[in-house]
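Only one structure is covered here, and it is reproduced in the block below.
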Protein chains: 2
Amino acid sequence: MYRERQGKVRDYLTREHLDCAVIQDTEGRRNSSLFYLSGMPLDALLFVLKADKSILVPWDVILANRLADVTGILPYNDFDRQSVKAIQSVLEMEGLASGTIELPSALPHPLFRQLTAALPGASLICREEGIDDELLLLRSLKDETEQEIYREASEITNTLLDDLETGLMERTILTETEIALFIEKRARGMGCEGTGFETIAAGPGRSFGIHAYPAYTGASISVPGFTIVDFGVKLKGYTTDVTLTVAAGPLSDNQKKMCSAVEDAYTLASGLLSPGKAVTDIAEAVDGLFEERGFFMPHSLGHGIGLDAHETPILKSGVTRDNILKEGMIVTLEPGLYDEHGGGVRLENDFLITREGAEPLTTSRILYVPLKGRTQSTLLP
Amino acid sequence: MYRERQGKVRDYLTREHLDCAVIQDTEGRRNSSLFYLSGMPLDALLFVLKADKSILVPWDVILANRLADVTGILPYNDFDRQSVKAIQSVLEMEGLASGTIELPSALPHPLFRQLTAALPGASLICREEGIDDELLLLRSLKDETEQEIYREASEITNTLLDDLETGLMERTILTETEIALFIEKRARGMGCEGTGFETIAAGPGRSFGIHAYPAYTGASISVPGFTIVDFGVKLKGYTTDVTLTVAAGPLSDNQKKMCSAVEDAYTLASGLLSPGKAVTDIAEAVDGLFEERGFFMPHSLGHGIGLDAHETPILKSGVTRDNILKEGMIVTLEPGLYDEHGGGVRLENDFLITREGAEPLTTSRILYVPLKGRTQSTLLP
């Protein structure tokens with residue numbers, strides 16, 4: 001599988017007249033394409049050469065020997081753990097000191113300058129719409145194995161959502177921390193590596209934040225208002241991403257309007273998901289709906305998911321590239337509204353783009369909880 | 001506090017003849033200096049101007065209004081959530097389109113090029129040893145308030161280490177996941193925001209990895225060999241960082257030699273910690289000790305801690321800058337050895353550099369556990 005993916009990079013190299021592409025994952029600049037291409041999860045440089053070679057320079061050689069599928073491994077320690085030195089040396093060793101080399105698009109400008117000085121004979125390319133973008137596009141189209149993983153991960157997510165609802169209803173889960181640790185533990189208990197990103201559990205006092213900080217605290221959630229729970233489970237490297245809002249009544253008129261607007265936006269957007277559709281069109285339809293109701297959503301409508309929680313495509317208005325939905329993409333929709341006083345409400349689920357339209361994978365919802373009295377859960381289509 | 005820190009950036013601007021410095025935290029390029037300077041934890045651009053102004057451009061305006069201490073806030077949405085557009089616009093609004101501006105050192109080369117085109121009249125500076133380095137140096141010297149936080153965080157860490165030992169001994173903690181979730185829950189129960197980074201709990205089957213992947217699994221730890229537990233608690237933004245190794249006997253001769261070497265390296269290094277000392281000298285002394293015994297440590301000896309788990313200074317051999325210990329620094333020592341078959345052993349604690357030497361803050365250890373029989377814990381000085 002990894003060798004096949006490296007082959008696709010080689011196709012790209014041929015198309016673009018390049019001798020080598022360098023992919024990097026390092027602290028501060030994480031890049032899941034390293035794992036996607038080599039099986040090595042983190043902390044390494046990967047050189048994919050037009051000649052049939054892939055060379056990994058990992059920080060942890062033992063881990064690389066176990067996990068990576070490449071043609072050669074050279075310890076990062078051999079280059080004093082300095083990426084400029086490693087890139088220069090490997091290219092020289094491979095006779096590419098005067099080759100055409102594409103560097104990571106996230107390479108900091110000062111390092112680019114150092115490499116230019118270290119490799120005066122090479123043509124060094126570092127661009128936004130280059131190899132890393134190409135890899136994001138490849139990663140956005142999930143093959144059958146990846147779709148199978150997503151079906152399994154979604155089932156676990158849905159079980160977890162149901163269990164969470166039960167815990168909230170039966171009042172065995174009472175604080176933000178209890179929500180987050182319940183999810184973490186249950187996910188691992190069901191065979192996941194854990195959660196795909198830090199779970200956000202923000203009770204009525206803090207749900208005004210798009211991404212609450214800290215992500216969760218010891219605060220009680222048993223008070224009127226909105227509690228946002230945003231989480232994903234990580235299975236075989238891939239993460240789901242859902243948001244449940246608990247709306248504990250009595251709600252104010254404005255809070256009720258916020259909920260209706262979010263639910264209507266969600267229904268509108270999910271009806272528009274289909275291959276060939278421009279994501280800007282969907283995002284603009286939702287922006288329009290919110291504007292009509294006097295609201296404004298301060299973030300994107302949704303995004304691809306995969307090895308990262310945020311991947312291509314980004315569903316937002318005004319973007320000009322990578323903006324057509326394609327069969328095999330898995331994207332989230334997450335309309336949300338936030339009020340400094342009334343708190344925040346967000347509803348997020350994951351969808352597989354199919355040949356005809358889109359298939360919902362997860363079943364999150366806005367959970368209406370009258371603090372005294374009957375309980376009602378709306379499960380949106 | 002934040003305004004005072006912004007003042008120090010202004011001193012830097014004057015010294016370096018700059019009109020403005022831009023600090024950024026964004027997904028993929030996290031930078032705790034944003035929080036250090038403004039109180040805004042994440043997802044924003046900060047412009048510190050030589051003129052007495054600090055302008056924040058946050059993604060989440062509501063959160064910024066609550067948390068940030070700056071002279072002005074402009075929504076990132078006003079600039080279509082595009083950092084090039086935001087930087088260009090703010091500089092133009094402030095009359096700095098032909099000023100001398102320092103950009104983030106981690107700015108990707110393609111964005112640097114876009115900014116150069118967008119601001120043809122400006123002198124744009126983007127360098128490794130610039131504003132971000134200056135901020136790392138400022139952050140490395142902990143003031144009294146920060147030291148007080150560290151005393152409190154260390155006390156919690158030490159309690160947690162003792163409780164963890166009890167749980168392991170009484171066999172109420174039996175798997176990697178149980179270790180990790182025990183730490184997460186206890187840390188929050190004792191008033192922390194949580195853990196400072198993803199806890200690594202790697203049992204004998206996986207401790208050969210420097211940073212095991214996944215960080216923890218459902219695997220049992222009740223088998224002979226080394227289990228590495230690497231964690232930190234996060235209190236008021238600051239993280240501790242300790243590693244406990246459980247050495248469950250019977251151990252092989254090589255495993256015993258690894259333990260002795262790590263303990264001796266730790267004792268050697270902690271005796272050398274003092275202000276004015278070059279970190280390279282300490283790291284090289286440890287490298288020498290390991291070499292004498294026929295071992296090799298594949299990572300740095302230690303590092304500063306603070307808002308991030310890895311901060312300036314890095315204690316490793318061969319570095320040439322930021323390499324003198326100073327009073328007020330808080331650093332870890334973490335000698336470790338890894339064997340593909342025998343597993344890994346690492347011992348890590350945190351130290352405050354004082355006027356005379358160094359004060360150990362945490363009390364982690366190698367925990368020797370004969371699988372049958374008496375239990376003995378070595379608590380190193």
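The way I read the labels, and the way they are meant: chains A, B, ... in the order of the structure tokens, residue 1 as the first residue of every chain, and ligand 1 as the first ligand shown, with later ones counted on from there.
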
Within 10 Å of Arg346 (chain A) using only C-alpha atoms, minus same-chain residues under 2 positions, as a PyMOL selection string: chain A and resi 207+210+226-230+242-246+258-259+262-263+266+333-338+344+348+365-366

Please save N, CA and C atoms of the selected residues as a PDB file, in the first residue's frame.
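So result_1.pdb came out as:
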```pdb
ATOM      1  N   SER A 207     -19.429  27.724  26.454  1.00  0.00           N
ATOM      2  CA  SER A 207     -19.670  27.250  25.088  1.00  0.00           C
ATOM      3  C   SER A 207     -19.708  28.392  24.073  1.00  0.00           C
ATOM      4  N   ILE A 210     -15.604  29.066  20.106  1.00  0.00           N
ATOM      5  CA  ILE A 210     -15.683  28.100  19.006  1.00  0.00           C
ATOM      6  C   ILE A 210     -14.934  26.825  19.421  1.00  0.00           C
ATOM      7  N   PHE A 226     -26.382  25.917  26.744  1.00  0.00           N
ATOM      8  CA  PHE A 226     -25.786  25.015  25.755  1.00  0.00           C
ATOM      9  C   PHE A 226     -24.476  24.420  26.250  1.00  0.00           C
ATOM     10  N   THR A 227     -24.345  23.102  26.097  1.00  0.00           N
ATOM     11  CA  THR A 227     -23.065  22.432  26.286  1.00  0.00           C
ATOM     12  C   THR A 227     -22.628  21.857  24.946  1.00  0.00           C
ATOM     13  N   ILE A 228     -21.418  22.211  24.519  1.00  0.00           N
ATOM     14  CA  ILE A 228     -20.877  21.699  23.254  1.00  0.00           C
ATOM     15  C   ILE A 228     -19.896  20.565  23.549  1.00  0.00           C
ATOM     16  N   VAL A 229     -20.105  19.421  22.885  1.00  0.00           N
ATOM     17  CA  VAL A 229     -19.180  18.287  23.003  1.00  0.00           C
ATOM     18  C   VAL A 229     -18.692  17.943  21.598  1.00  0.00           C
ATOM     19  N   ASP A 230     -17.416  18.202  21.343  1.00  0.00           N
ATOM     20  CA  ASP A 230     -16.835  18.008  20.006  1.00  0.00           C
ATOM     21  C   ASP A 230     -15.722  16.965  20.134  1.00  0.00           C
ATOM     22  N   VAL A 242     -17.325  14.648  15.320  1.00  0.00           N
ATOM     23  CA  VAL A 242     -18.736  14.987  15.506  1.00  0.00           C
ATOM     24  C   VAL A 242     -18.877  16.000  16.645  1.00  0.00           C
ATOM     25  N   THR A 243     -19.969  16.745  16.594  1.00  0.00           N
ATOM     26  CA  THR A 243     -20.283  17.646  17.702  1.00  0.00           C
ATOM     27  C   THR A 243     -21.731  17.441  18.126  1.00  0.00           C
ATOM     28  N   LEU A 244     -21.879  17.209  19.416  1.00  0.00           N
ATOM     29  CA  LEU A 244     -23.196  17.098  20.040  1.00  0.00           C
ATOM     30  C   LEU A 244     -23.402  18.373  20.854  1.00  0.00           C
ATOM     31  N   THR A 245     -24.573  18.983  20.724  1.00  0.00           N
ATOM     32  CA  THR A 245     -24.893  20.083  21.635  1.00  0.00           C
ATOM     33  C   THR A 245     -26.015  19.631  22.561  1.00  0.00           C
ATOM     34  N   VAL A 246     -25.796  19.825  23.847  1.00  0.00           N
ATOM     35  CA  VAL A 246     -26.852  19.594  24.824  1.00  0.00           C
ATOM     36  C   VAL A 246     -27.505  20.942  25.090  1.00  0.00           C
ATOM     37  N   MET A 258     -31.412  30.233  17.671  1.00  0.00           N
ATOM     38  CA  MET A 258     -30.088  29.732  17.293  1.00  0.00           C
ATOM     39  C   MET A 258     -30.160  28.242  16.951  1.00  0.00           C
ATOM     40  N   CYS A 259     -30.867  27.478  17.802  1.00  0.00           N
ATOM     41  CA  CYS A 259     -30.990  26.030  17.558  1.00  0.00           C
ATOM     42  C   CYS A 259     -31.688  25.757  16.229  1.00  0.00           C
ATOM     43  N   VAL A 262     -29.440  26.543  13.280  1.00  0.00           N
ATOM     44  CA  VAL A 262     -28.377  25.550  13.087  1.00  0.00           C
ATOM     45  C   VAL A 262     -28.956  24.266  12.498  1.00  0.00           C
ATOM     46  N   GLU A 263     -30.091  23.845  13.001  1.00  0.00           N
ATOM     47  CA  GLU A 263     -30.701  22.623  12.464  1.00  0.00           C
ATOM     48  C   GLU A 263     -31.124  22.808  11.008  1.00  0.00           C
ATOM     49  N   TYR A 266     -28.090  22.831   8.818  1.00  0.00           N
ATOM     50  CA  TYR A 266     -27.578  21.468   8.692  1.00  0.00           C
ATOM     51  C   TYR A 266     -28.377  20.684   7.648  1.00  0.00           C
ATOM     52  N   LEU A 333     -20.045  18.284   8.183  1.00  0.00           N
ATOM     53  CA  LEU A 333     -20.813  19.532   8.192  1.00  0.00           C
ATOM     54  C   LEU A 333     -20.924  19.933   9.648  1.00  0.00           C
ATOM     55  N   GLU A 334     -20.629  21.181   9.959  1.00  0.00           N
ATOM     56  CA  GLU A 334     -20.688  21.591  11.356  1.00  0.00           C
ATOM     57  C   GLU A 334     -21.170  23.027  11.524  1.00  0.00           C
ATOM     58  N   PRO A 335     -22.401  23.319  11.070  1.00  0.00           N
ATOM     59  CA  PRO A 335     -22.910  24.664  11.299  1.00  0.00           C
ATOM     60  C   PRO A 335     -22.952  24.970  12.795  1.00  0.00           C
ATOM     61  N   GLY A 336     -22.588  26.201  13.150  1.00  0.00           N
ATOM     62  CA  GLY A 336     -22.583  26.583  14.555  1.00  0.00           C
ATOM     63  C   GLY A 336     -22.796  28.076  14.721  1.00  0.00           C
ATOM     64  N   LEU A 337     -23.412  28.435  15.825  1.00  0.00           N
ATOM     65  CA  LEU A 337     -23.618  29.849  16.160  1.00  0.00           C
ATOM     66  C   LEU A 337     -23.197  30.075  17.607  1.00  0.00           C
ATOM     67  N   TYR A 338     -22.676  31.267  17.887  1.00  0.00           N
ATOM     68  CA  TYR A 338     -22.084  31.542  19.199  1.00  0.00           C
ATOM     69  C   TYR A 338     -22.517  32.918  19.655  1.00  0.00           C
ATOM     70  N   GLY A 344     -22.951  28.716  22.871  1.00  0.00           N
ATOM     71  CA  GLY A 344     -22.805  28.258  21.499  1.00  0.00           C
ATOM     72  C   GLY A 344     -23.575  26.979  21.234  1.00  0.00           C
ATOM     73  N   GLU A 348     -22.556  18.627  14.295  1.00  0.00           N
ATOM     74  CA  GLU A 348     -21.570  18.160  13.319  1.00  0.00           C
ATOM     75  C   GLU A 348     -21.660  16.656  13.105  1.00  0.00           C
ATOM     76  N   ARG A 365     -26.410  14.992  17.202  1.00  0.00           N
ATOM     77  CA  ARG A 365     -27.668  15.744  17.216  1.00  0.00           C
ATOM     78  C   ARG A 365     -27.620  16.846  18.263  1.00  0.00           C
ATOM     79  N   ILE A 366     -28.638  17.671  18.204  1.00  0.00           N
ATOM     80  CA  ILE A 366     -28.862  18.591  19.323  1.00  0.00           C
ATOM     81  C   ILE A 366     -29.793  17.857  20.282  1.00  0.00           C
TER      82      ILE A 366
END
```

Shell around Asp60 (chain B) at 7 Å using only C-alpha atoms, local window under 2 positions removed, as a list in words: Gly209 and Ile210 of chain A; Pro58, Ile62, Leu63 and Ala64 of chain B

Distance query Phe351 (chain B) at most 6 Å, only C-alpha atoms, self and fewer than 5 positions along chain excluded, as an NGL selection string: :B and (330-331 or 359-361)

Counting only C-alpha atoms, chain A residues within 9 Å of chain B, as a compact mmCIF listing (two decimals) with N, CA and C atoms, in the first residue's frame:
```txt
# COMPACT_ATOMS: atom_id res chain seq x y z
N GLY A 28 6.05 20.75 15.84
CA GLY A 28 5.77 22.11 15.39
C GLY A 28 5.28 22.15 13.95
N ARG A 29 5.59 21.13 13.15
CA ARG A 29 5.09 21.06 11.77
C ARG A 29 4.68 19.63 11.47
N ARG A 30 3.62 19.20 12.13
CA ARG A 30 3.11 17.85 11.92
C ARG A 30 2.57 17.70 10.51
N ASN A 31 2.73 16.53 9.92
CA ASN A 31 2.30 16.30 8.55
C ASN A 31 1.99 14.82 8.35
N PRO A 41 4.83 6.99 11.59
CA PRO A 41 3.83 7.94 12.04
C PRO A 41 4.34 9.36 12.27
N LEU A 42 5.61 9.52 12.65
CA LEU A 42 6.04 10.88 12.98
C LEU A 42 7.55 11.03 13.03
N TRP A 59 13.95 9.99 13.35
CA TRP A 59 14.53 10.28 14.66
C TRP A 59 14.66 8.97 15.42
N ASP A 60 13.65 8.11 15.29
CA ASP A 60 13.60 6.85 16.04
C ASP A 60 13.76 5.69 15.06
N VAL A 61 14.98 5.19 14.97
CA VAL A 61 15.29 4.17 13.96
C VAL A 61 14.61 2.83 14.28
N ILE A 62 14.54 2.50 15.54
CA ILE A 62 13.92 1.22 15.91
C ILE A 62 12.45 1.20 15.48
N LEU A 63 11.76 2.30 15.77
CA LEU A 63 10.35 2.41 15.38
C LEU A 63 10.22 2.35 13.85
N ASN A 77 20.16 10.95 13.54
CA ASN A 77 21.32 11.22 14.37
C ASN A 77 22.60 11.36 13.54
N ASP A 80 23.27 14.94 12.93
CA ASP A 80 23.17 15.79 14.13
C ASP A 80 21.75 16.30 14.37
N ARG A 81 20.76 15.54 13.95
CA ARG A 81 19.36 15.94 14.11
C ARG A 81 19.11 17.36 13.62
N PRO A 104 9.24 20.75 1.35
CA PRO A 104 7.92 20.87 1.98
C PRO A 104 7.37 22.29 1.87
N SER A 105 6.08 22.40 1.58
CA SER A 105 5.49 23.73 1.42
C SER A 105 5.47 24.49 2.74
N ALA A 106 5.55 23.78 3.87
CA ALA A 106 5.54 24.45 5.17
C ALA A 106 6.95 24.80 5.65
N LEU A 107 7.94 24.56 4.80
CA LEU A 107 9.32 24.85 5.21
C LEU A 107 9.48 26.33 5.58
N PRO A 108 9.95 26.61 6.78
CA PRO A 108 10.11 28.02 7.17
C PRO A 108 11.10 28.72 6.23
N HIS A 109 10.80 29.97 5.97
CA HIS A 109 11.65 30.76 5.06
C HIS A 109 13.13 30.74 5.46
N PRO A 110 13.48 30.87 6.75
CA PRO A 110 14.92 30.86 7.09
C PRO A 110 15.60 29.54 6.71
N LEU A 111 14.90 28.43 6.84
CA LEU A 111 15.50 27.14 6.46
C LEU A 111 15.63 27.05 4.94
N PHE A 112 14.66 27.59 4.24
CA PHE A 112 14.76 27.61 2.77
C PHE A 112 16.02 28.35 2.35
N ARG A 113 16.26 29.48 2.99
CA ARG A 113 17.47 30.25 2.66
C ARG A 113 18.74 29.47 2.96
N CYS A 126 9.78 25.44 -3.57
CA CYS A 126 8.98 25.43 -2.34
C CYS A 126 7.77 26.28 -2.61
N ARG A 127 6.62 25.65 -2.79
CA ARG A 127 5.44 26.37 -3.26
C ARG A 127 4.20 25.87 -2.53
N GLU A 128 3.18 26.69 -2.56
CA GLU A 128 1.96 26.33 -1.85
C GLU A 128 1.22 25.19 -2.55
N THR A 177 -15.19 17.31 32.46
CA THR A 177 -14.13 16.29 32.52
C THR A 177 -14.71 14.89 32.43
N GLU A 178 -15.84 14.67 33.09
CA GLU A 178 -16.45 13.34 33.02
C GLU A 178 -16.86 13.00 31.59
N LEU A 181 -13.43 12.21 29.63
CA LEU A 181 -12.76 10.96 30.00
C LEU A 181 -13.64 9.75 29.68
N GLU A 184 -12.89 9.15 26.05
CA GLU A 184 -11.53 8.61 25.87
C GLU A 184 -11.50 7.12 26.23
N LYS A 185 -12.10 6.81 27.35
CA LYS A 185 -12.04 5.43 27.86
C LYS A 185 -12.87 4.49 26.99
N ARG A 188 -11.24 3.74 23.54
CA ARG A 188 -10.16 2.75 23.62
C ARG A 188 -10.72 1.37 23.94
N GLY A 189 -11.75 1.35 24.77
CA GLY A 189 -12.38 0.07 25.10
C GLY A 189 -12.98 -0.60 23.87
N GLY A 191 -11.64 -0.51 20.93
CA GLY A 191 -10.61 -0.88 19.97
C GLY A 191 -9.95 0.27 19.23
N CYS A 192 -10.31 1.50 19.57
CA CYS A 192 -9.68 2.65 18.91
C CYS A 192 -8.32 2.92 19.55
N GLU A 193 -7.45 3.67 18.80
CA GLU A 193 -6.20 4.15 19.39
C GLU A 193 -6.50 5.22 20.43
N GLY A 194 -7.66 5.80 20.39
CA GLY A 194 -8.03 6.86 21.33
C GLY A 194 -8.91 7.85 20.61
N PHE A 208 -19.58 29.64 24.52
CA PHE A 208 -19.50 30.76 23.58
C PHE A 208 -18.25 30.67 22.71
N GLY A 209 -17.23 29.92 23.16
CA GLY A 209 -15.99 29.81 22.39
C GLY A 209 -16.14 28.77 21.29
N ILE A 210 -15.60 29.07 20.11
CA ILE A 210 -15.68 28.10 19.01
C ILE A 210 -14.93 26.82 19.42
N HIS A 211 -13.70 27.03 19.87
CA HIS A 211 -12.93 25.93 20.44
C HIS A 211 -12.55 26.37 21.85
N ALA A 212 -13.33 25.90 22.82
CA ALA A 212 -13.17 26.37 24.20
C ALA A 212 -11.75 26.13 24.69
N TYR A 213 -11.30 27.02 25.54
CA TYR A 213 -9.98 26.88 26.15
C TYR A 213 -10.10 27.07 27.64
N PRO A 214 -9.64 26.17 28.51
CA PRO A 214 -9.15 24.84 28.14
C PRO A 214 -10.25 23.99 27.51
N ALA A 215 -9.86 22.90 26.87
CA ALA A 215 -10.82 22.08 26.14
C ALA A 215 -11.90 21.52 27.06
N TYR A 216 -11.53 21.18 28.29
CA TYR A 216 -12.53 20.79 29.27
C TYR A 216 -12.01 21.07 30.67
N THR A 217 -12.93 21.29 31.58
CA THR A 217 -12.56 21.62 32.96
C THR A 217 -13.43 20.78 33.90
N GLY A 218 -13.31 21.03 35.18
CA GLY A 218 -14.15 20.32 36.14
C GLY A 218 -15.56 20.89 36.24
N PRO A 298 -18.97 32.16 12.57
CA PRO A 298 -17.59 32.68 12.50
C PRO A 298 -16.56 31.64 12.07
N HIS A 299 -16.99 30.53 11.49
CA HIS A 299 -16.01 29.53 11.05
C HIS A 299 -16.53 28.83 9.80
N GLY A 318 -15.92 31.57 -0.62
CA GLY A 318 -14.81 32.40 -1.09
C GLY A 318 -13.54 31.66 -1.46
N TYR A 338 -22.68 31.27 17.89
CA TYR A 338 -22.08 31.54 19.20
C TYR A 338 -22.52 32.92 19.65
N ASP A 339 -22.90 32.98 20.92
CA ASP A 339 -23.33 34.24 21.48
C ASP A 339 -22.62 34.44 22.81
N GLU A 340 -22.05 35.62 22.99
CA GLU A 340 -21.25 35.87 24.19
C GLU A 340 -22.06 35.58 25.46
```

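Taking CA of Glu176 (chain B) and CA of Phe197 (chain B) as the two end points, the separation is 15.8 Å.
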
From B:Thr100, B:Gln82, B:Thr332, B:Ser89, residue lying nearest Ala122 (chain B) [only C-alpha atoms]: B:Thr100

Shell around Ile183 (chain A) at 9 Å using only C-alpha atoms, local window under 6 positions removed, as a ChimeraX atom specification: /A:160-161,164,194-195,199,231-233

Same residues, N, CA and C atoms, output as a PDB file, in the first residue's frame:
```pdb
ATOM      1  N   LEU A 160     -20.928   5.459  20.933  1.00  0.00           N
ATOM      2  CA  LEU A 160     -20.450   6.378  21.966  1.00  0.00           C
ATOM      3  C   LEU A 160     -21.426   7.535  22.186  1.00  0.00           C
ATOM      4  N   LEU A 161     -21.977   8.056  21.089  1.00  0.00           N
ATOM      5  CA  LEU A 161     -22.966   9.136  21.203  1.00  0.00           C
ATOM      6  C   LEU A 161     -24.186   8.673  21.991  1.00  0.00           C
ATOM      7  N   LEU A 164     -23.229   8.240  25.581  1.00  0.00           N
ATOM      8  CA  LEU A 164     -23.066   9.558  26.195  1.00  0.00           C
ATOM      9  C   LEU A 164     -24.436  10.135  26.530  1.00  0.00           C
ATOM     10  N   GLY A 194      -7.662   5.796  20.395  1.00  0.00           N
ATOM     11  CA  GLY A 194      -8.028   6.859  21.326  1.00  0.00           C
ATOM     12  C   GLY A 194      -8.913   7.849  20.611  1.00  0.00           C
ATOM     13  N   THR A 195      -8.793   9.121  20.995  1.00  0.00           N
ATOM     14  CA  THR A 195      -9.540  10.165  20.315  1.00  0.00           C
ATOM     15  C   THR A 195      -8.641  10.790  19.248  1.00  0.00           C
ATOM     16  N   THR A 199     -10.719  16.261  23.000  1.00  0.00           N
ATOM     17  CA  THR A 199     -12.156  16.446  23.096  1.00  0.00           C
ATOM     18  C   THR A 199     -12.474  17.814  23.701  1.00  0.00           C
ATOM     19  N   PHE A 231     -15.897  15.827  19.474  1.00  0.00           N
ATOM     20  CA  PHE A 231     -14.887  14.772  19.611  1.00  0.00           C
ATOM     21  C   PHE A 231     -14.826  13.913  18.353  1.00  0.00           C
ATOM     22  N   GLY A 232     -13.791  13.095  18.287  1.00  0.00           N
ATOM     23  CA  GLY A 232     -13.675  12.102  17.234  1.00  0.00           C
ATOM     24  C   GLY A 232     -12.929  10.909  17.779  1.00  0.00           C
ATOM     25  N   VAL A 233     -13.200   9.730  17.245  1.00  0.00           N
ATOM     26  CA  VAL A 233     -12.417   8.558  17.648  1.00  0.00           C
ATOM     27  C   VAL A 233     -11.410   8.260  16.546  1.00  0.00           C
TER      28      VAL A 233
END
```

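CA of Glu134 (chain B) is positioned 26.5 Å from CA of Met93 (chain B).
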
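If you measure from each of B:Glu292, B:Asp78, B:Glu356, B:Asp287 to Ser274 (chain B) using only C-alpha atoms, the closest one turns out to be B:Glu356.
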
Backbone-only DSSP, strand (DSSP E or B) members of region 38-226 of chain B, as a PDB file with C-alpha atoms, in the first residue's frame:
```pdb
ATOM      1  CA  ALA B  44      -4.433  34.523  16.255  1.00  0.00           C
ATOM      2  CA  LEU B  45      -1.943  36.961  14.807  1.00  0.00           C
ATOM      3  CA  LEU B  46      -0.412  39.502  17.186  1.00  0.00           C
ATOM      4  CA  PHE B  47       1.168  42.728  15.943  1.00  0.00           C
ATOM      5  CA  VAL B  48       3.429  44.437  18.480  1.00  0.00           C
ATOM      6  CA  LEU B  49       4.229  47.926  17.225  1.00  0.00           C
ATOM      7  CA  LYS B  53       0.169  49.432  20.353  1.00  0.00           C
ATOM      8  CA  SER B  54      -0.563  45.716  20.272  1.00  0.00           C
ATOM      9  CA  ILE B  55      -3.156  44.481  17.811  1.00  0.00           C
ATOM     10  CA  LEU B  56      -4.639  41.004  17.980  1.00  0.00           C
ATOM     11  CA  VAL B  57      -6.331  39.365  14.989  1.00  0.00           C
ATOM     12  CA  PRO B  58      -8.109  36.337  16.467  1.00  0.00           C
ATOM     13  CA  GLY B  72      -6.906  46.434  19.845  1.00  0.00           C
ATOM     14  CA  ILE B  73      -8.753  43.411  18.467  1.00  0.00           C
ATOM     15  CA  THR B 100      10.613  47.425   8.734  1.00  0.00           C
ATOM     16  CA  ILE B 101       8.644  44.402   9.878  1.00  0.00           C
ATOM     17  CA  GLU B 102       9.762  41.158  11.459  1.00  0.00           C
ATOM     18  CA  PRO B 108       6.478  29.048   5.353  1.00  0.00           C
ATOM     19  CA  SER B 123      11.393  45.662   4.563  1.00  0.00           C
ATOM     20  CA  LEU B 124      10.293  42.200   5.582  1.00  0.00           C
ATOM     21  CA  ILE B 125      12.567  40.255   7.896  1.00  0.00           C
ATOM     22  CA  THR B 175      -2.730  -1.667  31.368  1.00  0.00           C
ATOM     23  CA  GLY B 194      -5.023  18.350  32.399  1.00  0.00           C
ATOM     24  CA  THR B 195      -1.831  16.849  31.074  1.00  0.00           C
ATOM     25  CA  ILE B 200       3.158   7.944  26.857  1.00  0.00           C
ATOM     26  CA  ALA B 201       2.571   4.613  28.555  1.00  0.00           C
ATOM     27  CA  ALA B 202       4.537   1.929  26.738  1.00  0.00           C
ATOM     28  CA  SER B 220      -1.043  -5.254  29.762  1.00  0.00           C
ATOM     29  CA  GLY B 225      10.653  -5.925  31.140  1.00  0.00           C
ATOM     30  CA  PHE B 226      10.546  -2.135  30.979  1.00  0.00           C
TER      31      PHE B 226
END
```

For CA of Gln255 (chain B) and CA of Pro204 (chain B), the interatomic separation in Å (one decimal):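 Taking CA of Gln255 (chain B) and CA of Pro204 (chain B), their separation equals 11.6 Å.
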
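Minimum distance to Phe296 (chain B) across B:Ala261, B:Leu96, B:Thr363, B:Gly205 (counting only C-alpha atoms) occurs at B:Ala261.
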
DSSP alpha helix (DSSP H) selection over region 48-262 of chain A, as a PyMOL selection string: chain A and resi 61-67+83-93+109-118+131-140+144-169+176-189+253-262

Residue neighbourhood Glu284 (chain B), 10 Å, only C-alpha atoms, exclusion window fewer than 5 positions, as a list in words: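 Near neighbours after the sequence-gap exclusion: Ala269, Val279, Leu289, Phe290, Leu301, Leu315, Lys316, Ser317 and Gly318 of chain B.
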
For the residues in that selection, give me N, CA and C atoms as a short mmCIF file (atom, residue, chain, number, x, y, z; two decimals), in the first residue's frame.
```
data_model
loop_
_atom_site.label_atom_id
_atom_site.label_comp_id
_atom_site.auth_asym_id
_atom_site.auth_seq_id
_atom_site.Cartn_x
_atom_site.Cartn_y
_atom_site.Cartn_z
N ALA B 269 24.65 13.99 35.58
CA ALA B 269 24.12 15.21 34.97
C ALA B 269 23.53 16.15 36.02
N VAL B 279 25.36 23.84 28.44
CA VAL B 279 24.58 22.60 28.35
C VAL B 279 25.33 21.53 27.55
N LEU B 289 29.79 8.91 29.21
CA LEU B 289 29.50 7.82 30.15
C LEU B 289 28.82 6.66 29.41
N PHE B 290 27.82 6.99 28.58
CA PHE B 290 27.13 5.92 27.85
C PHE B 290 28.09 5.20 26.90
N LEU B 301 19.61 15.12 26.02
CA LEU B 301 19.64 14.80 27.45
C LEU B 301 18.50 15.45 28.21
N LEU B 315 19.23 20.60 26.01
CA LEU B 315 20.49 20.08 26.53
C LEU B 315 20.98 18.97 25.62
N LYS B 316 21.78 19.34 24.65
CA LYS B 316 22.34 18.31 23.78
C LYS B 316 23.74 18.70 23.37
N SER B 317 24.49 17.74 22.91
CA SER B 317 25.86 18.00 22.50
C SER B 317 25.86 18.69 21.14
N GLY B 318 26.91 19.47 20.90
CA GLY B 318 27.10 20.04 19.57
C GLY B 318 26.31 21.29 19.27
#
```
